[in-house]
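**Student:** A single structure is presented below for examination.
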Amino acid sequence: NLQVFQKTFGYATIVLILLNAVPFAVGALLGAPLLAQELETGTLQLAWTQAVPRMRWLAVKVVSLVTLIVVLTGAFAALITWSRQPLDTLYGPYDAGAFDVEALVPAAYALFAFTAGAAAGALLRRSIPAIAVSLLAYIVVRVIVESGLRPRYRTPLTLVENIPAGNRGIAIGTGNRSDWTLDEGFADAGGHRLANTDINTLDDAARDAGVGLTTYMHDHGIQRWVSYHPSNRFWEFQFIEAGIFLALAAI
């Protein structure tokens with residue numbers, strides 16, 4: 001049953017949240033020393049005075065490391081996507097431990113961390129400070145994208161339902177665990193959304209009338225609304241977010 005499943009696999013959500021550090025670690029630890037280590041040790045001038053032009057020298061290193069990053073993070077994401085299938089069925093692919101470590105975005109995150117680390121290393125000329133700066137940039141951009149942009153990749157859908165009479169309780173969400181519920185609440189008969197204080201007033205009025213809250217809401221035309229993204233937008237959101245981080249990496 002559901003309780004047994006959650007008890008058996010619930011720890012995996014925490015583990016997967018911690019695994020968000022993997023794309024950064026792979027990208028930044030390869031990117032920050034790319035030029036910074038050469039500058040720290042003074043070997044860059046030697047490398048750039050050889051027969052190979054400096055742009056070719058840099059291009060070969062970048063292409064090699066980018067290929068390695070894509071392979072490593074691609075394998076990481078494929079493994080997580082496969083292993084998390086039972087949890088995706090239960091919690092949906094937008095869960096905190098799912099979207100950021102599955103499918104396409106881990107590789108895009110890692111490439112952004114790589115280029116941020118490489119740029120910081122070239123400017124600061126030291127590997128450790130470059131890793132610290134790239135970590136700060138990585139966290140700031142990830143937070144902005146996840147909390148500010150991701151919910152707005154597409155206009156959320158809104159589900160509006162009448163509340164059935166009786167004391168069976170009020171439904172939560174859309175009825176599909178795989179959908180991403182952004183917000184939900186209640187609205188009056190005219191469609192105006194109600195605040196929590198309004199719900200408390202309705203509860204008091206229902207008690208005064210001697211009926212259940214759901215019956216009172218039904219009799220007065222109160223509806224529930226849910227703002228959400230359906231589960232079938234998962235891959236579209238993956239492509240959009242991966243595109244954002246690849247564009248930042250290219251810049």
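By order in the structure tokens, chains are A, B, ...; within a chain, residues start at 1; ligands start at 1, following the order shown.
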Just want the 6 Å neighbourhood of region 20-29 of chain A, counted on only C-alpha atoms, with same-chain residues fewer than 3 positions away dropped. Output as a list in words.
**Tutor:**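 Residues near the query, excluding close chain neighbours: Ile17, Ala32, Pro106, Tyr109, Ala110, Leu111, Ala113, Phe114 and Gly117 of chain A.
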**Student:** Can you list, as a VMD selection string, all residues belonging to region 31-208 of chain A that DSSP tags as helix (DSSP H, G or I)?
**Tutor:** chain A and resid 31 33 to 41 44 to 48 54 to 83 85 to 91 99 to 101 105 to 124 127 to 152 196 to 208
**Student:** For a test of reading the model, state the distance in Å between CA of Ile222 (chain A) and CA of Leu159 (chain A), rounded to one decimal.
**Tutor:** 13.9 Å
**Student:** Tell me, as a PyMOL selection string, which residues lie within 12 Å of Ala195 (chain A), counting only C-alpha atoms; anything in the same chain fewer than 5 positions away does not count.
**Tutor:** chain A and resi 184-188+200-202
**Student:** With C-alpha atoms kept, could you save the residues just selected as a PDB file, in the first residue's frame?
**Tutor:**
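Saved result, result.pdb, follows:
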ATOM      1  CA  GLU A 184      -5.227  26.321  -5.070  1.00  0.00           C
ATOM      2  CA  GLY A 185      -8.065  27.815  -3.102  1.00  0.00           C
ATOM      3  CA  PHE A 186     -11.704  28.793  -3.214  1.00  0.00           C
ATOM      4  CA  ALA A 187     -13.795  31.327  -5.124  1.00  0.00           C
ATOM      5  CA  ASP A 188     -17.275  32.700  -4.592  1.00  0.00           C
ATOM      6  CA  ASN A 200     -12.848  31.008   8.387  1.00  0.00           C
ATOM      7  CA  THR A 201     -15.974  33.162   8.096  1.00  0.00           C
ATOM      8  CA  LEU A 202     -17.667  30.487   5.974  1.00  0.00           C
TER       9      LEU A 202
END
